[in-house]
Amino acid sequence: MRGTLRGAVAVALLIAVGGRALPAGGDKDRPAPEVGARIEGTVRTRSAGAAFPVRGAVVHSYEVATGKLRSSEPVGDNGAFRLSGLPHGWYELAVEVDGVTYLASRALDLAPDDVRPIELVLEPVAADAQVGRFAGTGREATGIARLERQVTTKEFWFGPKGIAILGSVGAAALIGAAIASGDDETLASPSAP
């Protein structure tokens with residue numbers, strides 16, 4: 001029974017650390033992990049109730065605390081963009097496409113190493129409406145980039161926080177099952193003699 005319990009505890013610990021082991025000599029083939037927060041998602045426009053990707057749009061992030069402006073590459077046919085290496089803090093967003101600036105409907109507060117999936121849906125406004133000026137570029141916005149989603153359930157559970165939670169729950173379940181298996185022996189650490 002003691003061997004079964006040790007095996008269960010070892011498996012539980014492996015699950016809890018996500019199956020990651022530190023290589024003896026380092027892993028030279030693996031790229032360095034990204035540092036900082038990340039905003040990623042799609043830029044779309046609505047027509048007849050459907051959303052379509054906006055090719056060529058550039059997403060700008062303006063870090064409120066420092067005034068630093070970062071911009072994505074122009075988006076491709078799928079409308080996907082990515083802004084990475086962002087320090088934690090508040091960010092105003094804007095989208096530029098074909099000389100028109102769309103101001104995001106709200107700012108984002110990013111935690112360190114946050115991964116924030118969003119969808120920006122571009123909406124023009126009436127010609128006489130005043131949207132505001134994007135602080136990052138100083139350009140007057142003539143439309144709204146509605147921030148429609150931040151995190152879906154699937155993205156959370158497959159992200160680092162979801163995996164950590166699932167691993168911890170799995171480890172606890174394995175330890176609980178090993179303890180409940182019903183042996184009167186005193187439980188000991190698997191590393192104890």
# chains A, B, ... in the order shown; residues from 1 in each chain; ligands from 1

$ select_by_dssp --residues "region 28-189 of chain A" --states "alpha helix (DSSP H)" --output "PDB file with N, CA and C atoms, in the first residue's frame"
ATOM      1  N   THR A 153     -14.774  31.583 -21.662  1.00  0.00           N
ATOM      2  CA  THR A 153     -14.522  30.457 -20.761  1.00  0.00           C
ATOM      3  C   THR A 153     -13.432  29.556 -21.314  1.00  0.00           C
ATOM      4  N   LYS A 154     -13.507  29.244 -22.600  1.00  0.00           N
ATOM      5  CA  LYS A 154     -12.515  28.356 -23.212  1.00  0.00           C
ATOM      6  C   LYS A 154     -11.114  28.961 -23.099  1.00  0.00           C
ATOM      7  N   GLU A 155     -10.994  30.255 -23.385  1.00  0.00           N
ATOM      8  CA  GLU A 155      -9.681  30.898 -23.317  1.00  0.00           C
ATOM      9  C   GLU A 155      -9.133  30.900 -21.891  1.00  0.00           C
ATOM     10  N   PHE A 156     -10.012  31.065 -20.898  1.00  0.00           N
ATOM     11  CA  PHE A 156      -9.540  31.049 -19.515  1.00  0.00           C
ATOM     12  C   PHE A 156      -9.012  29.670 -19.141  1.00  0.00           C
ATOM     13  N   TRP A 157      -9.801  28.612 -19.401  1.00  0.00           N
ATOM     14  CA  TRP A 157      -9.422  27.277 -18.949  1.00  0.00           C
ATOM     15  C   TRP A 157      -8.223  26.725 -19.689  1.00  0.00           C
ATOM     16  N   PHE A 158      -7.969  27.175 -20.920  1.00  0.00           N
ATOM     17  CA  PHE A 158      -6.787  26.727 -21.647  1.00  0.00           C
ATOM     18  C   PHE A 158      -5.595  27.659 -21.437  1.00  0.00           C
ATOM     19  N   PRO A 160      -2.894  29.956 -18.773  1.00  0.00           N
ATOM     20  CA  PRO A 160      -2.064  29.548 -17.646  1.00  0.00           C
ATOM     21  C   PRO A 160      -2.811  29.486 -16.314  1.00  0.00           C
ATOM     22  N   LYS A 161      -3.736  30.413 -16.064  1.00  0.00           N
ATOM     23  CA  LYS A 161      -4.456  30.398 -14.786  1.00  0.00           C
ATOM     24  C   LYS A 161      -5.402  29.202 -14.715  1.00  0.00           C
ATOM     25  N   GLY A 162      -6.106  28.923 -15.813  1.00  0.00           N
ATOM     26  CA  GLY A 162      -7.014  27.782 -15.842  1.00  0.00           C
ATOM     27  C   GLY A 162      -6.287  26.464 -15.693  1.00  0.00           C
ATOM     28  N   ILE A 163      -5.155  26.330 -16.368  1.00  0.00           N
ATOM     29  CA  ILE A 163      -4.373  25.095 -16.272  1.00  0.00           C
ATOM     30  C   ILE A 163      -3.850  24.898 -14.851  1.00  0.00           C
ATOM     31  N   ALA A 164      -3.419  25.981 -14.208  1.00  0.00           N
ATOM     32  CA  ALA A 164      -2.939  25.878 -12.826  1.00  0.00           C
ATOM     33  C   ALA A 164      -4.062  25.421 -11.893  1.00  0.00           C
ATOM     34  N   ILE A 165      -5.259  25.966 -12.077  1.00  0.00           N
ATOM     35  CA  ILE A 165      -6.391  25.569 -11.241  1.00  0.00           C
ATOM     36  C   ILE A 165      -6.731  24.102 -11.471  1.00  0.00           C
ATOM     37  N   LEU A 166      -6.826  23.697 -12.748  1.00  0.00           N
ATOM     38  CA  LEU A 166      -7.156  22.302 -13.053  1.00  0.00           C
ATOM     39  C   LEU A 166      -6.094  21.345 -12.514  1.00  0.00           C
ATOM     40  N   GLY A 167      -4.821  21.714 -12.632  1.00  0.00           N
ATOM     41  CA  GLY A 167      -3.748  20.873 -12.108  1.00  0.00           C
ATOM     42  C   GLY A 167      -3.820  20.722 -10.605  1.00  0.00           C
ATOM     43  N   SER A 168      -4.114  21.807  -9.917  1.00  0.00           N
ATOM     44  CA  SER A 168      -4.223  21.757  -8.453  1.00  0.00           C
ATOM     45  C   SER A 168      -5.405  20.905  -8.012  1.00  0.00           C
ATOM     46  N   VAL A 169      -6.534  21.053  -8.697  1.00  0.00           N
ATOM     47  CA  VAL A 169      -7.716  20.252  -8.360  1.00  0.00           C
ATOM     48  C   VAL A 169      -7.439  18.776  -8.622  1.00  0.00           C
ATOM     49  N   GLY A 170      -6.791  18.471  -9.742  1.00  0.00           N
ATOM     50  CA  GLY A 170      -6.445  17.083 -10.065  1.00  0.00           C
ATOM     51  C   GLY A 170      -5.504  16.488  -9.035  1.00  0.00           C
ATOM     52  N   ALA A 171      -4.525  17.262  -8.622  1.00  0.00           N
ATOM     53  CA  ALA A 171      -3.577  16.780  -7.610  1.00  0.00           C
ATOM     54  C   ALA A 171      -4.279  16.513  -6.294  1.00  0.00           C
ATOM     55  N   ALA A 172      -5.152  17.406  -5.890  1.00  0.00           N
ATOM     56  CA  ALA A 172      -5.892  17.223  -4.640  1.00  0.00           C
ATOM     57  C   ALA A 172      -6.783  15.984  -4.720  1.00  0.00           C
ATOM     58  N   ALA A 173      -7.399  15.762  -5.873  1.00  0.00           N
ATOM     59  CA  ALA A 173      -8.263  14.584  -6.041  1.00  0.00           C
ATOM     60  C   ALA A 173      -7.453  13.299  -5.936  1.00  0.00           C
ATOM     61  N   LEU A 174      -6.270  13.264  -6.538  1.00  0.00           N
ATOM     62  CA  LEU A 174      -5.433  12.066  -6.453  1.00  0.00           C
ATOM     63  C   LEU A 174      -4.952  11.809  -5.024  1.00  0.00           C
ATOM     64  N   ILE A 175      -4.568  12.842  -4.332  1.00  0.00           N
ATOM     65  CA  ILE A 175      -4.126  12.685  -2.937  1.00  0.00           C
ATOM     66  C   ILE A 175      -5.298  12.220  -2.077  1.00  0.00           C
ATOM     67  N   GLY A 176      -6.476  12.829  -2.299  1.00  0.00           N
ATOM     68  CA  GLY A 176      -7.660  12.425  -1.551  1.00  0.00           C
ATOM     69  C   GLY A 176      -8.022  10.972  -1.815  1.00  0.00           C
ATOM     70  N   ALA A 177      -7.921  10.534  -3.058  1.00  0.00           N
ATOM     71  CA  ALA A 177      -8.224   9.139  -3.393  1.00  0.00           C
ATOM     72  C   ALA A 177      -7.224   8.196  -2.737  1.00  0.00           C
ATOM     73  N   ALA A 178      -5.955   8.569  -2.704  1.00  0.00           N
ATOM     74  CA  ALA A 178      -4.941   7.726  -2.086  1.00  0.00           C
ATOM     75  C   ALA A 178      -5.172   7.614  -0.582  1.00  0.00           C
ATOM     76  N   ILE A 179      -5.538   8.706   0.035  1.00  0.00           N
ATOM     77  CA  ILE A 179      -5.790   8.703   1.479  1.00  0.00           C
ATOM     78  C   ILE A 179      -7.052   7.897   1.785  1.00  0.00           C
ATOM     79  N   ALA A 180      -8.064   8.019   0.950  1.00  0.00           N
ATOM     80  CA  ALA A 180      -9.337   7.341   1.186  1.00  0.00           C
ATOM     81  C   ALA A 180      -9.284   5.856   0.832  1.00  0.00           C
TER      82      ALA A 180
END

$ residues_around --residues "region 45-61 of chain A" --least-positions-apart "2" --cutoff "10 Å" --atoms "only C-alpha atoms" --output "PDB file with N, CA and C atoms, in the first residue's frame"
ATOM      1  N   ILE A  39      -2.108  42.020 -25.206  1.00  0.00           N
ATOM      2  CA  ILE A  39      -3.465  42.236 -25.696  1.00  0.00           C
ATOM      3  C   ILE A  39      -3.503  41.632 -27.086  1.00  0.00           C
ATOM      4  N   GLU A  40      -4.463  40.762 -27.325  1.00  0.00           N
ATOM      5  CA  GLU A  40      -4.570  40.148 -28.645  1.00  0.00           C
ATOM      6  C   GLU A  40      -6.040  39.966 -28.974  1.00  0.00           C
ATOM      7  N   THR A  42      -9.142  40.506 -32.378  1.00  0.00           N
ATOM      8  CA  THR A  42      -9.516  40.800 -33.767  1.00  0.00           C
ATOM      9  C   THR A  42     -10.146  42.176 -33.869  1.00  0.00           C
ATOM     10  N   VAL A  43     -10.026  42.742 -35.072  1.00  0.00           N
ATOM     11  CA  VAL A  43     -10.695  43.995 -35.408  1.00  0.00           C
ATOM     12  C   VAL A  43     -11.755  43.643 -36.442  1.00  0.00           C
ATOM     13  N   GLU A  63      -0.056  53.749 -23.099  1.00  0.00           N
ATOM     14  CA  GLU A  63       0.120  53.514 -21.670  1.00  0.00           C
ATOM     15  C   GLU A  63      -0.078  54.841 -20.939  1.00  0.00           C
ATOM     16  N   VAL A  64      -1.141  54.916 -20.156  1.00  0.00           N
ATOM     17  CA  VAL A  64      -1.539  56.171 -19.520  1.00  0.00           C
ATOM     18  C   VAL A  64      -0.454  56.712 -18.590  1.00  0.00           C
ATOM     19  N   GLY A  67       2.821  57.481 -21.064  1.00  0.00           N
ATOM     20  CA  GLY A  67       2.619  58.137 -22.353  1.00  0.00           C
ATOM     21  C   GLY A  67       3.231  57.381 -23.518  1.00  0.00           C
ATOM     22  N   LYS A  68       3.652  56.136 -23.294  1.00  0.00           N
ATOM     23  CA  LYS A  68       4.288  55.358 -24.354  1.00  0.00           C
ATOM     24  C   LYS A  68       3.229  54.771 -25.278  1.00  0.00           C
ATOM     25  N   LEU A  69       3.471  54.909 -26.581  1.00  0.00           N
ATOM     26  CA  LEU A  69       2.568  54.407 -27.614  1.00  0.00           C
ATOM     27  C   LEU A  69       3.182  53.169 -28.252  1.00  0.00           C
ATOM     28  N   ARG A  70       2.381  52.125 -28.365  1.00  0.00           N
ATOM     29  CA  ARG A  70       2.802  50.906 -29.072  1.00  0.00           C
ATOM     30  C   ARG A  70       1.744  50.615 -30.118  1.00  0.00           C
ATOM     31  N   SER A  71       2.177  50.081 -31.259  1.00  0.00           N
ATOM     32  CA  SER A  71       1.249  49.805 -32.353  1.00  0.00           C
ATOM     33  C   SER A  71       1.451  48.401 -32.883  1.00  0.00           C
ATOM     34  N   SER A  72       0.357  47.783 -33.295  1.00  0.00           N
ATOM     35  CA  SER A  72       0.423  46.447 -33.885  1.00  0.00           C
ATOM     36  C   SER A  72       0.854  46.568 -35.346  1.00  0.00           C
ATOM     37  N   GLU A  73       1.184  45.447 -35.934  1.00  0.00           N
ATOM     38  CA  GLU A  73       1.369  45.387 -37.373  1.00  0.00           C
ATOM     39  C   GLU A  73      -0.019  45.519 -37.997  1.00  0.00           C
ATOM     40  N   PRO A  74      -0.112  45.968 -39.263  1.00  0.00           N
ATOM     41  CA  PRO A  74      -1.429  45.985 -39.905  1.00  0.00           C
ATOM     42  C   PRO A  74      -2.020  44.572 -39.919  1.00  0.00           C
ATOM     43  N   VAL A  75      -3.289  44.462 -39.584  1.00  0.00           N
ATOM     44  CA  VAL A  75      -3.912  43.144 -39.503  1.00  0.00           C
ATOM     45  C   VAL A  75      -4.135  42.574 -40.894  1.00  0.00           C
ATOM     46  N   GLY A  76      -4.127  41.255 -40.964  1.00  0.00           N
ATOM     47  CA  GLY A  76      -4.316  40.555 -42.228  1.00  0.00           C
ATOM     48  C   GLY A  76      -5.783  40.271 -42.510  1.00  0.00           C
ATOM     49  N   ASP A  77      -6.006  39.291 -43.361  1.00  0.00           N
ATOM     50  CA  ASP A  77      -7.364  38.945 -43.784  1.00  0.00           C
ATOM     51  C   ASP A  77      -8.253  38.471 -42.645  1.00  0.00           C
ATOM     52  N   ASN A  78      -7.661  37.913 -41.589  1.00  0.00           N
ATOM     53  CA  ASN A  78      -8.461  37.401 -40.474  1.00  0.00           C
ATOM     54  C   ASN A  78      -8.738  38.466 -39.405  1.00  0.00           C
ATOM     55  N   GLY A  79      -8.177  39.663 -39.547  1.00  0.00           N
ATOM     56  CA  GLY A  79      -8.411  40.750 -38.600  1.00  0.00           C
ATOM     57  C   GLY A  79      -7.675  40.621 -37.286  1.00  0.00           C
ATOM     58  N   ALA A  80      -6.747  39.649 -37.166  1.00  0.00           N
ATOM     59  CA  ALA A  80      -6.067  39.386 -35.891  1.00  0.00           C
ATOM     60  C   ALA A  80      -4.927  40.367 -35.641  1.00  0.00           C
ATOM     61  N   PHE A  81      -4.788  40.782 -34.385  1.00  0.00           N
ATOM     62  CA  PHE A  81      -3.686  41.653 -33.977  1.00  0.00           C
ATOM     63  C   PHE A  81      -3.118  41.141 -32.663  1.00  0.00           C
ATOM     64  N   ARG A  82      -1.933  41.681 -32.317  1.00  0.00           N
ATOM     65  CA  ARG A  82      -1.279  41.305 -31.061  1.00  0.00           C
ATOM     66  C   ARG A  82      -0.358  42.447 -30.633  1.00  0.00           C
ATOM     67  N   LEU A  83      -0.475  42.821 -29.355  1.00  0.00           N
ATOM     68  CA  LEU A  83       0.425  43.790 -28.732  1.00  0.00           C
ATOM     69  C   LEU A  83       1.010  43.086 -27.510  1.00  0.00           C
ATOM     70  N   LEU A  86       3.828  44.354 -22.775  1.00  0.00           N
ATOM     71  CA  LEU A  86       3.278  45.564 -22.150  1.00  0.00           C
ATOM     72  C   LEU A  86       3.446  45.503 -20.626  1.00  0.00           C
ATOM     73  N   TRP A  90      -2.778  50.926 -16.947  1.00  0.00           N
ATOM     74  CA  TRP A  90      -3.961  51.293 -17.729  1.00  0.00           C
ATOM     75  C   TRP A  90      -3.550  51.637 -19.151  1.00  0.00           C
ATOM     76  N   TYR A  91      -4.370  51.175 -20.105  1.00  0.00           N
ATOM     77  CA  TYR A  91      -4.113  51.424 -21.526  1.00  0.00           C
ATOM     78  C   TYR A  91      -5.373  51.922 -22.217  1.00  0.00           C
ATOM     79  N   GLU A  92      -5.203  52.999 -22.992  1.00  0.00           N
ATOM     80  CA  GLU A  92      -6.247  53.432 -23.906  1.00  0.00           C
ATOM     81  C   GLU A  92      -5.916  52.811 -25.249  1.00  0.00           C
ATOM     82  N   LEU A  93      -6.945  52.398 -25.969  1.00  0.00           N
ATOM     83  CA  LEU A  93      -6.749  51.761 -27.266  1.00  0.00           C
ATOM     84  C   LEU A  93      -7.438  52.569 -28.359  1.00  0.00           C
ATOM     85  N   ALA A  94      -6.878  52.481 -29.547  1.00  0.00           N
ATOM     86  CA  ALA A  94      -7.497  53.080 -30.724  1.00  0.00           C
ATOM     87  C   ALA A  94      -7.144  52.206 -31.921  1.00  0.00           C
ATOM     88  N   VAL A  95      -8.002  52.280 -32.935  1.00  0.00           N
ATOM     89  CA  VAL A  95      -7.774  51.547 -34.182  1.00  0.00           C
ATOM     90  C   VAL A  95      -7.749  52.565 -35.308  1.00  0.00           C
ATOM     91  N   GLU A  96      -6.750  52.433 -36.173  1.00  0.00           N
ATOM     92  CA  GLU A  96      -6.681  53.281 -37.367  1.00  0.00           C
ATOM     93  C   GLU A  96      -6.804  52.415 -38.600  1.00  0.00           C
ATOM     94  N   VAL A  97      -7.669  52.829 -39.500  1.00  0.00           N
ATOM     95  CA  VAL A  97      -7.823  52.131 -40.771  1.00  0.00           C
ATOM     96  C   VAL A  97      -8.244  53.148 -41.831  1.00  0.00           C
ATOM     97  N   ASP A  98      -7.529  53.144 -42.934  1.00  0.00           N
ATOM     98  CA  ASP A  98      -7.811  54.053 -44.050  1.00  0.00           C
ATOM     99  C   ASP A  98      -7.918  55.510 -43.612  1.00  0.00           C
ATOM    100  N   GLY A  99      -7.031  55.936 -42.705  1.00  0.00           N
ATOM    101  CA  GLY A  99      -6.990  57.324 -42.269  1.00  0.00           C
ATOM    102  C   GLY A  99      -8.047  57.706 -41.247  1.00  0.00           C
ATOM    103  N   VAL A 100      -8.850  56.756 -40.806  1.00  0.00           N
ATOM    104  CA  VAL A 100      -9.900  57.027 -39.824  1.00  0.00           C
ATOM    105  C   VAL A 100      -9.478  56.429 -38.483  1.00  0.00           C
ATOM    106  N   THR A 101      -9.651  57.206 -37.399  1.00  0.00           N
ATOM    107  CA  THR A 101      -9.317  56.749 -36.058  1.00  0.00           C
ATOM    108  C   THR A 101     -10.589  56.402 -35.301  1.00  0.00           C
ATOM    109  N   TYR A 102     -10.596  55.204 -34.719  1.00  0.00           N
ATOM    110  CA  TYR A 102     -11.699  54.727 -33.890  1.00  0.00           C
ATOM    111  C   TYR A 102     -11.185  54.602 -32.462  1.00  0.00           C
ATOM    112  N   LEU A 103     -11.802  55.287 -31.539  1.00  0.00           N
ATOM    113  CA  LEU A 103     -11.388  55.278 -30.132  1.00  0.00           C
ATOM    114  C   LEU A 103     -12.093  54.126 -29.409  1.00  0.00           C
ATOM    115  N   ALA A 104     -11.335  53.336 -28.647  1.00  0.00           N
ATOM    116  CA  ALA A 104     -11.925  52.209 -27.914  1.00  0.00           C
ATOM    117  C   ALA A 104     -12.954  52.714 -26.913  1.00  0.00           C
ATOM    118  N   ALA A 107     -11.017  51.876 -21.458  1.00  0.00           N
ATOM    119  CA  ALA A 107      -9.599  51.571 -21.254  1.00  0.00           C
ATOM    120  C   ALA A 107      -9.467  50.185 -20.618  1.00  0.00           C
ATOM    121  N   LEU A 108      -8.283  49.607 -20.721  1.00  0.00           N
ATOM    122  CA  LEU A 108      -7.994  48.302 -20.126  1.00  0.00           C
ATOM    123  C   LEU A 108      -6.977  48.458 -19.013  1.00  0.00           C
ATOM    124  N   LEU A 120     -12.447  44.127 -31.075  1.00  0.00           N
ATOM    125  CA  LEU A 120     -12.781  45.533 -31.291  1.00  0.00           C
ATOM    126  C   LEU A 120     -13.685  45.612 -32.516  1.00  0.00           C
ATOM    127  N   VAL A 121     -14.915  46.088 -32.316  1.00  0.00           N
ATOM    128  CA  VAL A 121     -15.871  46.212 -33.411  1.00  0.00           C
ATOM    129  C   VAL A 121     -15.999  47.689 -33.752  1.00  0.00           C
ATOM    130  N   LEU A 122     -15.644  48.037 -34.981  1.00  0.00           N
ATOM    131  CA  LEU A 122     -15.617  49.434 -35.405  1.00  0.00           C
ATOM    132  C   LEU A 122     -17.018  49.924 -35.750  1.00  0.00           C
ATOM    133  N   GLU A 123     -17.355  51.106 -35.214  1.00  0.00           N
ATOM    134  CA  GLU A 123     -18.659  51.713 -35.464  1.00  0.00           C
ATOM    135  C   GLU A 123     -18.459  53.184 -35.811  1.00  0.00           C
ATOM    136  N   PRO A 124     -18.883  53.590 -36.998  1.00  0.00           N
ATOM    137  CA  PRO A 124     -18.813  55.026 -37.317  1.00  0.00           C
ATOM    138  C   PRO A 124     -19.856  55.785 -36.491  1.00  0.00           C
ATOM    139  N   PHE A 134      -7.569  60.787 -29.443  1.00  0.00           N
ATOM    140  CA  PHE A 134      -6.753  59.694 -28.911  1.00  0.00           C
ATOM    141  C   PHE A 134      -5.437  60.282 -28.438  1.00  0.00           C
ATOM    142  N   ALA A 135      -5.152  60.145 -27.141  1.00  0.00           N
ATOM    143  CA  ALA A 135      -3.967  60.752 -26.544  1.00  0.00           C
ATOM    144  C   ALA A 135      -2.677  60.223 -27.167  1.00  0.00           C
ATOM    145  N   GLY A 136      -2.682  58.987 -27.622  1.00  0.00           N
ATOM    146  CA  GLY A 136      -1.466  58.390 -28.157  1.00  0.00           C
ATOM    147  C   GLY A 136      -0.967  59.033 -29.434  1.00  0.00           C
ATOM    148  N   THR A 137      -1.884  59.454 -30.300  1.00  0.00           N
ATOM    149  CA  THR A 137      -1.484  60.048 -31.583  1.00  0.00           C
ATOM    150  C   THR A 137      -1.908  61.504 -31.703  1.00  0.00           C
ATOM    151  N   ALA A 145     -14.472  52.143 -31.370  1.00  0.00           N
ATOM    152  CA  ALA A 145     -14.060  50.741 -31.455  1.00  0.00           C
ATOM    153  C   ALA A 145     -14.636  50.078 -30.206  1.00  0.00           C
ATOM    154  N   ARG A 146     -15.804  49.455 -30.371  1.00  0.00           N
ATOM    155  CA  ARG A 146     -16.486  48.855 -29.228  1.00  0.00           C
ATOM    156  C   ARG A 146     -15.732  47.609 -28.773  1.00  0.00           C
TER     157      ARG A 146
END

$ atom_distance --atom1 "CA of Gly89 (chain A)" --atom2 "CA of Glu140 (chain A)"
23.8 Å
